[in-house]
Amino acid sequence: MIFCLTGILVNIIQAACFLIIWPVSKNTYRRIVGAVTDILFLHLTFLVDWWAGLEVRIHADLETLEVIGKEKALVMPNHTCDADVLMMWLLAERFNCLRGALMVMKKSSKYLPIYGWANWFNGAVFLDRNWAKDEGKLKSSFQELKDFPISFWLTIFVEGTRMTPDKLLAAQEFAISKGFPVPRNVLIPRTKGFVSAVQYMRSFVPAVYDVTVAVPKGHPIPSVKGFLTKQPSVVHFHIKRYAMNELPESDEGIAQWCKDRFVAKDAMLDKFRANGTFDGKESRDLRIPQKKSLIVVILLSCIDFIGAILLIRRFSLLSNWKGISSLAFAVAFDAILMYTFIEYTKLPEQGKVQARNGRAVKLH
């Protein structure tokens, strides 16, 4: 209920700013909407961090840790599960970059109340997954970020879809048919969007963060439903910074660079499966949940509770059937909204395929 009430209020403020402030000053709009959207994102990171108790371990070299969160960057993670967006927001919060955490997302998510609308107003890029339609849209979206007033992360899941045994099997069969390295832990990247992002943003975005996400054996793969039911898990993030000016100049070179990074990710994940950790220094102090999301949710809970009590008393909602029906409708709306969100993010049912030792095999 707190999430729904807060989300609806955030969407209303965002819409008002879009109608009134955007035509006058885009930078002012982005600053105000960024601050408002930050409240909603903090509510979601509270769900992951404090409610579900997700344990986060971050691996990065000192050079990366010195600048991460202080610059504009293109973020390239592997797509592991249905909760990847929430986990990337959690990572951004760890480095005080949540307000500028932008995503490249599929178009259908734009129509989700609260979640999708908030991302649209905040500057997320939505794709049809049809290059003929997306090419021009990407170009204009990337160019609009040139004068973005604060540091941002634009996260792009270049695999294009979440990892499942079915999709891993399809990727392995495709790689064999084309003579590519056969993946065991990732899918084959779809490079057109990434190439476009690099070419259009390299003049004002100084870095690419190559993020590898892994879950140790014996721990459940994170999911939105798991977070809501307080299912504990552990996630490791390996972060490597690459200067944008070091990337190849040609489209073909950038595409190959991206493919090479995913071959390297695959090898890293093989070692992670064997050792239970990534090579390199672990920044243990970043495991501690930040208190900002906890404070925000406590304040929102108090405001919503007091507001609900005042509303019920003001209109005597518990003294007549009309008032009781209104409250019942509000609870039902909340339940339907959360059910829709969970079902939307949930992975589809898989065919008779299992992953065994990094290879997807059909079951007969």
# chains A, B, ... in the order shown; residues from 1 in each chain; ligands from 1
>>> residues_around(residues="region 325-337 of chain A", least_positions_apart="2", cutoff="12 Å", atoms="only C-alpha atoms", output="PyMOL selection string")
chain A and resi 1-8+112-115+308-309+311-312+315-323+339-344
>>> closest_atom_pairs(of="region 86-133 of chain A", to="region 236-246 of chain A", cutoff="10 Å", atoms="only C-alpha atoms", output="Markdown table")
| residue | atom | partner | partner_atom | distance |
| --- | --- | --- | --- | --- |
| A:Met87 | CA | A:Phe237 | CA | 9.8 |
| A:Met88 | CA | A:Phe237 | CA | 9.7 |
| A:Leu91 | CA | A:Phe237 | CA | 8.4 |
>>> write_last_selection(atoms="all heavy atoms", output="PDB file, in the first residue's frame")
ATOM      1  N   MET A  87      18.394  -4.895  -8.879  1.00  0.00           N
ATOM      2  CA  MET A  87      19.754  -5.074  -8.369  1.00  0.00           C
ATOM      3  C   MET A  87      20.698  -4.011  -8.935  1.00  0.00           C
ATOM      4  O   MET A  87      21.626  -3.571  -8.242  1.00  0.00           O
ATOM      5  CB  MET A  87      20.255  -6.481  -8.685  1.00  0.00           C
ATOM      6  CG  MET A  87      19.509  -7.568  -7.914  1.00  0.00           C
ATOM      7  SD  MET A  87      20.328  -9.170  -7.938  1.00  0.00           S
ATOM      8  CE  MET A  87      20.313  -9.566  -9.679  1.00  0.00           C
ATOM      9  N   MET A  88      20.459  -3.565 -10.172  1.00  0.00           N
ATOM     10  CA  MET A  88      21.291  -2.496 -10.724  1.00  0.00           C
ATOM     11  C   MET A  88      20.993  -1.178 -10.024  1.00  0.00           C
ATOM     12  O   MET A  88      21.886  -0.354  -9.818  1.00  0.00           O
ATOM     13  CB  MET A  88      21.066  -2.375 -12.225  1.00  0.00           C
ATOM     14  CG  MET A  88      21.568  -3.561 -13.033  1.00  0.00           C
ATOM     15  SD  MET A  88      23.272  -4.025 -12.681  1.00  0.00           S
ATOM     16  CE  MET A  88      24.127  -2.545 -13.198  1.00  0.00           C
ATOM     17  N   LEU A  91      22.899  -1.364  -6.838  1.00  0.00           N
ATOM     18  CA  LEU A  91      24.311  -1.078  -7.085  1.00  0.00           C
ATOM     19  C   LEU A  91      24.533   0.423  -7.245  1.00  0.00           C
ATOM     20  O   LEU A  91      25.492   0.986  -6.699  1.00  0.00           O
ATOM     21  CB  LEU A  91      24.773  -1.822  -8.341  1.00  0.00           C
ATOM     22  CG  LEU A  91      26.257  -1.719  -8.686  1.00  0.00           C
ATOM     23  CD1 LEU A  91      27.116  -2.349  -7.604  1.00  0.00           C
ATOM     24  CD2 LEU A  91      26.528  -2.379 -10.036  1.00  0.00           C
TER      25      LEU A  91
END
>>> atom_distance(atom1="CA of Ser250 (chain A)", atom2="CA of Phe174 (chain A)")
24.9 Å
>>> residues_around(residues="Val296 (chain A)", least_positions_apart="5", cutoff="8 Å", atoms="only C-alpha atoms", output="ChimeraX atom specification")
/A:39,42-43
>>> write_last_selection(atoms="C-alpha atoms", output="short mmCIF file (atom, residue, chain, number, x, y, z; two decimals), in the first residue's frame")
data_model
loop_
_atom_site.label_atom_id
_atom_site.label_comp_id
_atom_site.auth_asym_id
_atom_site.auth_seq_id
_atom_site.Cartn_x
_atom_site.Cartn_y
_atom_site.Cartn_z
CA ILE A 39 12.13 8.47 -3.57
CA LEU A 42 14.73 4.09 -2.73
CA HIS A 43 11.51 2.32 -1.81
#
>>> select_by_dssp(residues="region 60-172 of chain A", states="strand (DSSP E or B)", output="PDB file with N, CA, C and O atoms, in the first residue's frame")
ATOM      1  N   ALA A  60      36.085  -4.840  -7.368  1.00  0.00           N
ATOM      2  CA  ALA A  60      36.540  -3.831  -8.328  1.00  0.00           C
ATOM      3  C   ALA A  60      37.947  -3.395  -7.951  1.00  0.00           C
ATOM      4  O   ALA A  60      38.341  -3.459  -6.780  1.00  0.00           O
ATOM      5  N   ALA A  73      28.326   7.248 -17.301  1.00  0.00           N
ATOM      6  CA  ALA A  73      28.853   5.965 -17.749  1.00  0.00           C
ATOM      7  C   ALA A  73      27.782   5.135 -18.432  1.00  0.00           C
ATOM      8  O   ALA A  73      26.585   5.254 -18.144  1.00  0.00           O
ATOM      9  N   LEU A  74      28.238   4.295 -19.346  1.00  0.00           N
ATOM     10  CA  LEU A  74      27.400   3.271 -19.963  1.00  0.00           C
ATOM     11  C   LEU A  74      27.686   1.969 -19.220  1.00  0.00           C
ATOM     12  O   LEU A  74      28.843   1.562 -19.091  1.00  0.00           O
ATOM     13  N   VAL A  75      26.642   1.333 -18.696  1.00  0.00           N
ATOM     14  CA  VAL A  75      26.806   0.136 -17.861  1.00  0.00           C
ATOM     15  C   VAL A  75      26.330  -1.085 -18.632  1.00  0.00           C
ATOM     16  O   VAL A  75      25.220  -1.095 -19.178  1.00  0.00           O
ATOM     17  N   MET A  76      27.170  -2.122 -18.656  1.00  0.00           N
ATOM     18  CA  MET A  76      26.906  -3.308 -19.485  1.00  0.00           C
ATOM     19  C   MET A  76      26.957  -4.577 -18.613  1.00  0.00           C
ATOM     20  O   MET A  76      27.983  -5.229 -18.504  1.00  0.00           O
ATOM     21  N   PRO A  77      25.831  -4.938 -17.967  1.00  0.00           N
ATOM     22  CA  PRO A  77      25.813  -6.158 -17.157  1.00  0.00           C
ATOM     23  C   PRO A  77      25.295  -7.358 -17.950  1.00  0.00           C
ATOM     24  O   PRO A  77      24.672  -7.203 -19.010  1.00  0.00           O
ATOM     25  N   ALA A 101      20.178   6.797 -12.339  1.00  0.00           N
ATOM     26  CA  ALA A 101      20.190   5.417 -12.824  1.00  0.00           C
ATOM     27  C   ALA A 101      19.147   5.252 -13.919  1.00  0.00           C
ATOM     28  O   ALA A 101      17.954   5.092 -13.648  1.00  0.00           O
ATOM     29  N   LEU A 102      19.583   5.308 -15.170  1.00  0.00           N
ATOM     30  CA  LEU A 102      18.701   5.185 -16.328  1.00  0.00           C
ATOM     31  C   LEU A 102      18.847   3.796 -16.937  1.00  0.00           C
ATOM     32  O   LEU A 102      19.871   3.139 -16.774  1.00  0.00           O
ATOM     33  N   MET A 103      17.813   3.359 -17.640  1.00  0.00           N
ATOM     34  CA  MET A 103      17.802   2.016 -18.211  1.00  0.00           C
ATOM     35  C   MET A 103      17.378   2.047 -19.673  1.00  0.00           C
ATOM     36  O   MET A 103      16.586   2.901 -20.090  1.00  0.00           O
ATOM     37  N   VAL A 104      17.890   1.093 -20.439  1.00  0.00           N
ATOM     38  CA  VAL A 104      17.323   0.767 -21.735  1.00  0.00           C
ATOM     39  C   VAL A 104      16.404  -0.425 -21.500  1.00  0.00           C
ATOM     40  O   VAL A 104      16.852  -1.492 -21.075  1.00  0.00           O
ATOM     41  N   MET A 105      15.094  -0.249 -21.762  1.00  0.00           N
ATOM     42  CA  MET A 105      14.096  -1.241 -21.383  1.00  0.00           C
ATOM     43  C   MET A 105      13.204  -1.570 -22.573  1.00  0.00           C
ATOM     44  O   MET A 105      13.110  -0.803 -23.526  1.00  0.00           O
ATOM     45  N   LYS A 106      12.525  -2.721 -22.493  1.00  0.00           N
ATOM     46  CA  LYS A 106      11.587  -3.070 -23.556  1.00  0.00           C
ATOM     47  C   LYS A 106      10.342  -2.189 -23.456  1.00  0.00           C
ATOM     48  O   LYS A 106       9.915  -1.804 -22.365  1.00  0.00           O
ATOM     49  N   VAL A 125      15.096   4.694 -21.755  1.00  0.00           N
ATOM     50  CA  VAL A 125      14.979   4.483 -23.197  1.00  0.00           C
ATOM     51  C   VAL A 125      14.206   3.187 -23.425  1.00  0.00           C
ATOM     52  O   VAL A 125      14.587   2.141 -22.895  1.00  0.00           O
ATOM     53  N   PHE A 126      13.142   3.237 -24.201  1.00  0.00           N
ATOM     54  CA  PHE A 126      12.291   2.069 -24.432  1.00  0.00           C
ATOM     55  C   PHE A 126      12.411   1.609 -25.880  1.00  0.00           C
ATOM     56  O   PHE A 126      12.365   2.419 -26.803  1.00  0.00           O
ATOM     57  N   LEU A 127      12.539   0.283 -26.053  1.00  0.00           N
ATOM     58  CA  LEU A 127      12.799  -0.292 -27.366  1.00  0.00           C
ATOM     59  C   LEU A 127      11.677  -1.226 -27.801  1.00  0.00           C
ATOM     60  O   LEU A 127      11.073  -1.919 -26.979  1.00  0.00           O
ATOM     61  N   TRP A 153      24.106   6.736 -14.924  1.00  0.00           N
ATOM     62  CA  TRP A 153      24.441   5.434 -15.475  1.00  0.00           C
ATOM     63  C   TRP A 153      23.343   5.056 -16.444  1.00  0.00           C
ATOM     64  O   TRP A 153      22.163   5.044 -16.081  1.00  0.00           O
ATOM     65  N   LEU A 154      23.680   4.753 -17.675  1.00  0.00           N
ATOM     66  CA  LEU A 154      22.714   4.201 -18.607  1.00  0.00           C
ATOM     67  C   LEU A 154      23.013   2.716 -18.743  1.00  0.00           C
ATOM     68  O   LEU A 154      24.033   2.327 -19.312  1.00  0.00           O
ATOM     69  N   THR A 155      22.124   1.897 -18.193  1.00  0.00           N
ATOM     70  CA  THR A 155      22.331   0.450 -18.201  1.00  0.00           C
ATOM     71  C   THR A 155      21.669  -0.154 -19.425  1.00  0.00           C
ATOM     72  O   THR A 155      20.493   0.091 -19.702  1.00  0.00           O
TER      73      THR A 155
END
>>> residues_around(residues="Asn11 (chain A)", least_positions_apart="4", cutoff="10 Å", atoms="only C-alpha atoms", output="mmCIF file with all heavy atoms, in the first residue's frame")
data_model
loop_
_atom_site.group_PDB
_atom_site.id
_atom_site.type_symbol
_atom_site.label_atom_id
_atom_site.label_comp_id
_atom_site.auth_asym_id
_atom_site.auth_seq_id
_atom_site.Cartn_x
_atom_site.Cartn_y
_atom_site.Cartn_z
ATOM 1 N N THR A 6 2.726 5.995 -2.630
ATOM 2 C CA THR A 6 3.890 6.815 -2.978
ATOM 3 C C THR A 6 4.078 6.885 -4.486
ATOM 4 O O THR A 6 4.343 7.951 -5.055
ATOM 5 C CB THR A 6 5.158 6.235 -2.326
ATOM 6 O OG1 THR A 6 4.974 6.149 -0.915
ATOM 7 C CG2 THR A 6 6.367 7.101 -2.632
ATOM 8 N N GLY A 7 3.935 5.726 -5.157
ATOM 9 C CA GLY A 7 4.129 5.681 -6.598
ATOM 10 C C GLY A 7 3.137 6.540 -7.361
ATOM 11 O O GLY A 7 3.507 7.235 -8.316
ATOM 12 N N ALA A 15 4.178 13.957 -13.900
ATOM 13 C CA ALA A 15 3.333 14.414 -15.008
ATOM 14 C C ALA A 15 3.156 15.929 -14.989
ATOM 15 O O ALA A 15 3.222 16.592 -16.036
ATOM 16 C CB ALA A 15 1.973 13.716 -14.940
ATOM 17 N N ALA A 16 2.956 16.480 -13.791
ATOM 18 C CA ALA A 16 2.800 17.933 -13.673
ATOM 19 C C ALA A 16 4.075 18.651 -14.111
ATOM 20 O O ALA A 16 4.027 19.674 -14.831
ATOM 21 C CB ALA A 16 2.448 18.292 -12.232
ATOM 22 N N CYS A 17 5.219 18.119 -13.706
ATOM 23 C CA CYS A 17 6.496 18.723 -14.105
ATOM 24 C C CYS A 17 6.706 18.620 -15.614
ATOM 25 O O CYS A 17 7.239 19.550 -16.243
ATOM 26 C CB CYS A 17 7.649 18.035 -13.379
ATOM 27 S SG CYS A 17 7.738 18.385 -11.611
ATOM 28 N N VAL A 33 12.460 16.028 -11.294
ATOM 29 C CA VAL A 33 11.934 14.680 -11.496
ATOM 30 C C VAL A 33 12.919 13.625 -10.989
ATOM 31 O O VAL A 33 12.515 12.600 -10.432
ATOM 32 C CB VAL A 33 11.593 14.457 -12.989
ATOM 33 C CG1 VAL A 33 11.346 12.980 -13.276
ATOM 34 C CG2 VAL A 33 10.371 15.262 -13.362
ATOM 35 N N VAL A 36 12.410 13.407 -7.261
ATOM 36 C CA VAL A 36 11.139 12.744 -6.930
ATOM 37 C C VAL A 36 11.214 11.249 -7.225
ATOM 38 O O VAL A 36 10.792 10.414 -6.419
ATOM 39 C CB VAL A 36 9.982 13.398 -7.715
ATOM 40 C CG1 VAL A 36 8.691 12.622 -7.506
ATOM 41 C CG2 VAL A 36 9.795 14.842 -7.276
ATOM 42 N N THR A 37 11.777 10.899 -8.386
ATOM 43 C CA THR A 37 11.900 9.492 -8.763
ATOM 44 C C THR A 37 12.823 8.749 -7.807
ATOM 45 O O THR A 37 12.626 7.558 -7.528
ATOM 46 C CB THR A 37 12.422 9.371 -10.200
ATOM 47 O OG1 THR A 37 11.635 10.186 -11.068
ATOM 48 C CG2 THR A 37 12.363 7.940 -10.685
ATOM 49 N N LEU A 40 10.984 6.961 -5.103
ATOM 50 C CA LEU A 40 10.386 5.683 -5.488
ATOM 51 C C LEU A 40 11.440 4.593 -5.618
ATOM 52 O O LEU A 40 11.251 3.460 -5.163
ATOM 53 C CB LEU A 40 9.638 5.850 -6.808
ATOM 54 C CG LEU A 40 8.868 4.619 -7.301
ATOM 55 C CD1 LEU A 40 7.751 4.261 -6.341
ATOM 56 C CD2 LEU A 40 8.321 4.860 -8.701
ATOM 57 N N PRO A 113 1.811 0.811 -14.676
ATOM 58 C CA PRO A 113 1.590 1.945 -13.759
ATOM 59 C C PRO A 113 2.705 2.027 -12.720
ATOM 60 O O PRO A 113 3.277 1.016 -12.315
ATOM 61 C CB PRO A 113 0.241 1.614 -13.111
ATOM 62 C CG PRO A 113 -0.437 0.698 -14.079
ATOM 63 C CD PRO A 113 0.663 -0.109 -14.719
ATOM 64 N N ILE A 114 3.010 3.195 -12.301
ATOM 65 C CA ILE A 114 4.023 3.523 -11.289
ATOM 66 C C ILE A 114 5.425 3.205 -11.807
ATOM 67 O O ILE A 114 6.200 4.110 -12.128
ATOM 68 C CB ILE A 114 3.760 2.813 -9.946
ATOM 69 C CG1 ILE A 114 2.381 3.237 -9.390
ATOM 70 C CG2 ILE A 114 4.865 3.116 -8.938
ATOM 71 C CD1 ILE A 114 1.991 2.544 -8.105
ATOM 72 N N TYR A 115 5.775 1.940 -11.908
ATOM 73 C CA TYR A 115 7.123 1.519 -12.288
ATOM 74 C C TYR A 115 7.494 1.998 -13.695
ATOM 75 O O TYR A 115 8.505 2.671 -13.894
ATOM 76 C CB TYR A 115 7.209 -0.007 -12.192
ATOM 77 C CG TYR A 115 8.455 -0.618 -12.772
ATOM 78 C CD1 TYR A 115 9.637 -0.663 -12.035
ATOM 79 C CD2 TYR A 115 8.454 -1.183 -14.049
ATOM 80 C CE1 TYR A 115 10.784 -1.241 -12.566
ATOM 81 C CE2 TYR A 115 9.587 -1.765 -14.581
ATOM 82 C CZ TYR A 115 10.746 -1.784 -13.841
ATOM 83 O OH TYR A 115 11.881 -2.349 -14.371
ATOM 84 N N GLY A 116 6.681 1.640 -14.687
ATOM 85 C CA GLY A 116 6.990 2.017 -16.055
ATOM 86 C C GLY A 116 6.862 3.506 -16.295
ATOM 87 O O GLY A 116 7.705 4.111 -16.965
ATOM 88 N N TRP A 117 5.813 4.106 -15.742
ATOM 89 C CA TRP A 117 5.611 5.546 -15.924
ATOM 90 C C TRP A 117 6.746 6.346 -15.290
ATOM 91 O O TRP A 117 7.221 7.321 -15.863
ATOM 92 C CB TRP A 117 4.272 5.956 -15.329
ATOM 93 C CG TRP A 117 3.093 5.287 -15.975
ATOM 94 C CD1 TRP A 117 3.091 4.583 -17.159
ATOM 95 C CD2 TRP A 117 1.754 5.238 -15.483
ATOM 96 N NE1 TRP A 117 1.838 4.092 -17.432
ATOM 97 C CE2 TRP A 117 0.982 4.483 -16.425
ATOM 98 C CE3 TRP A 117 1.118 5.737 -14.352
ATOM 99 C CZ2 TRP A 117 -0.377 4.240 -16.241
ATOM 100 C CZ3 TRP A 117 -0.246 5.489 -14.182
ATOM 101 C CH2 TRP A 117 -0.980 4.758 -15.120
ATOM 102 N N ALA A 118 7.158 5.934 -14.092
ATOM 103 C CA ALA A 118 8.242 6.645 -13.406
ATOM 104 C C ALA A 118 9.526 6.596 -14.231
ATOM 105 O O ALA A 118 10.245 7.594 -14.340
ATOM 106 C CB ALA A 118 8.478 6.042 -12.023
ATOM 107 N N ASN A 119 9.827 5.451 -14.821
ATOM 108 C CA ASN A 119 11.023 5.334 -15.641
ATOM 109 C C ASN A 119 10.918 6.173 -16.907
ATOM 110 O O ASN A 119 11.902 6.773 -17.349
ATOM 111 C CB ASN A 119 11.261 3.856 -16.004
ATOM 112 C CG ASN A 119 11.999 3.105 -14.914
ATOM 113 O OD1 ASN A 119 13.185 3.294 -14.708
ATOM 114 N ND2 ASN A 119 11.278 2.260 -14.195
ATOM 115 N N PHE A 121 9.176 9.022 -17.351
ATOM 116 C CA PHE A 121 9.366 10.423 -16.990
ATOM 117 C C PHE A 121 10.817 10.709 -16.615
ATOM 118 O O PHE A 121 11.309 11.826 -16.823
ATOM 119 C CB PHE A 121 8.453 10.798 -15.828
ATOM 120 C CG PHE A 121 7.011 11.007 -16.198
ATOM 121 C CD1 PHE A 121 6.013 10.214 -15.641
ATOM 122 C CD2 PHE A 121 6.638 11.993 -17.097
ATOM 123 C CE1 PHE A 121 4.685 10.402 -15.976
ATOM 124 C CE2 PHE A 121 5.304 12.188 -17.446
ATOM 125 C CZ PHE A 121 4.316 11.385 -16.884
#
>>> residues_around(residues="Ala197 (chain A)", least_positions_apart="3", cutoff="12 Å", atoms="only C-alpha atoms", output="JSON, numbers by chain")
{"A": [73, 74, 75, 76, 104, 125, 134, 135, 136, 137, 138, 139, 140, 141, 142, 143, 145, 146, 154, 155, 156, 157, 158, 191, 192, 193, 194, 200, 201, 202, 203, 204, 205, 207, 208, 244, 251, 254, 255, 258]}
>>> atom_distance(atom1="CA of Pro289 (chain A)", atom2="CA of Lys230 (chain A)")
15.5 Å
>>> atom_distance(atom1="CA of Arg314 (chain A)", atom2="CA of Cys302 (chain A)")
18.0 Å
>>> decode(residues="region 183-211 of chain A", atoms="N, CA and C atoms", output="tab-separated table (two decimals), in the first residue's frame")
chain	number	residue	atom	x	y	z
A	183	PRO	N	28.79	-20.27	-25.50
A	183	PRO	CA	28.62	-19.74	-24.13
A	183	PRO	C	28.11	-20.81	-23.17
A	184	ARG	N	28.48	-20.67	-21.92
A	184	ARG	CA	28.04	-21.59	-20.87
A	184	ARG	C	27.24	-20.88	-19.78
A	185	ASN	N	27.50	-19.57	-19.61
A	185	ASN	CA	26.87	-18.83	-18.51
A	185	ASN	C	26.19	-17.54	-18.94
A	186	VAL	N	26.35	-17.15	-20.20
A	186	VAL	CA	25.76	-15.92	-20.72
A	186	VAL	C	25.15	-16.22	-22.08
A	187	LEU	N	24.40	-15.26	-22.59
A	187	LEU	CA	23.87	-15.37	-23.95
A	187	LEU	C	24.74	-14.56	-24.90
A	188	ILE	N	24.55	-14.75	-26.18
A	188	ILE	CA	25.33	-14.01	-27.17
A	188	ILE	C	24.79	-12.59	-27.28
A	189	PRO	N	25.64	-11.58	-27.10
A	189	PRO	CA	25.13	-10.19	-27.10
A	189	PRO	C	24.61	-9.76	-28.46
A	190	ARG	N	23.54	-8.93	-28.41
A	190	ARG	CA	23.01	-8.28	-29.60
A	190	ARG	C	23.62	-6.88	-29.62
A	191	THR	N	24.52	-6.66	-30.51
A	191	THR	CA	25.45	-5.53	-30.37
A	191	THR	C	24.98	-4.21	-30.99
A	192	LYS	N	23.93	-4.23	-31.79
A	192	LYS	CA	23.55	-3.00	-32.52
A	192	LYS	C	23.25	-1.84	-31.56
A	193	GLY	N	22.47	-2.10	-30.52
A	193	GLY	CA	22.13	-1.05	-29.57
A	193	GLY	C	23.35	-0.54	-28.83
A	194	PHE	N	24.23	-1.46	-28.44
A	194	PHE	CA	25.45	-1.06	-27.73
A	194	PHE	C	26.35	-0.23	-28.63
A	195	VAL	N	26.50	-0.65	-29.89
A	195	VAL	CA	27.32	0.11	-30.84
A	195	VAL	C	26.77	1.51	-31.01
A	196	SER	N	25.44	1.61	-31.13
A	196	SER	CA	24.80	2.91	-31.28
A	196	SER	C	25.05	3.78	-30.05
A	197	ALA	N	24.94	3.19	-28.86
A	197	ALA	CA	25.15	3.94	-27.62
A	197	ALA	C	26.57	4.49	-27.55
A	198	VAL	N	27.55	3.67	-27.89
A	198	VAL	CA	28.95	4.10	-27.84
A	198	VAL	C	29.20	5.21	-28.85
A	199	GLN	N	28.72	5.03	-30.08
A	199	GLN	CA	28.99	6.01	-31.13
A	199	GLN	C	28.36	7.37	-30.85
A	200	TYR	N	27.14	7.36	-30.29
A	200	TYR	CA	26.44	8.63	-30.07
A	200	TYR	C	26.82	9.29	-28.75
A	201	MET	N	27.36	8.53	-27.80
A	201	MET	CA	27.62	9.09	-26.47
A	201	MET	C	29.10	9.19	-26.12
A	202	ARG	N	29.98	8.73	-26.99
A	202	ARG	CA	31.39	8.70	-26.61
A	202	ARG	C	31.97	10.10	-26.43
A	203	SER	N	31.34	11.12	-27.00
A	203	SER	CA	31.85	12.48	-26.87
A	203	SER	C	31.57	13.08	-25.49
A	204	PHE	N	30.59	12.55	-24.76
A	204	PHE	CA	30.26	13.13	-23.46
A	204	PHE	C	30.13	12.10	-22.33
A	205	VAL	N	30.30	10.83	-22.64
A	205	VAL	CA	30.32	9.78	-21.61
A	205	VAL	C	31.72	9.19	-21.58
A	206	PRO	N	32.44	9.33	-20.48
A	206	PRO	CA	33.86	8.95	-20.48
A	206	PRO	C	34.16	7.47	-20.26
A	207	ALA	N	33.15	6.66	-19.87
A	207	ALA	CA	33.50	5.30	-19.48
A	207	ALA	C	32.39	4.30	-19.76
A	208	VAL	N	32.81	3.04	-19.91
A	208	VAL	CA	31.91	1.89	-19.94
A	208	VAL	C	32.24	1.03	-18.72
A	209	TYR	N	31.22	0.69	-17.94
A	209	TYR	CA	31.40	-0.22	-16.81
A	209	TYR	C	30.94	-1.61	-17.22
A	210	ASP	N	31.87	-2.52	-17.27
A	210	ASP	CA	31.56	-3.92	-17.58
A	210	ASP	C	31.24	-4.61	-16.25
A	211	VAL	N	29.95	-4.92	-16.04
A	211	VAL	CA	29.50	-5.49	-14.77
A	211	VAL	C	29.12	-6.95	-14.97
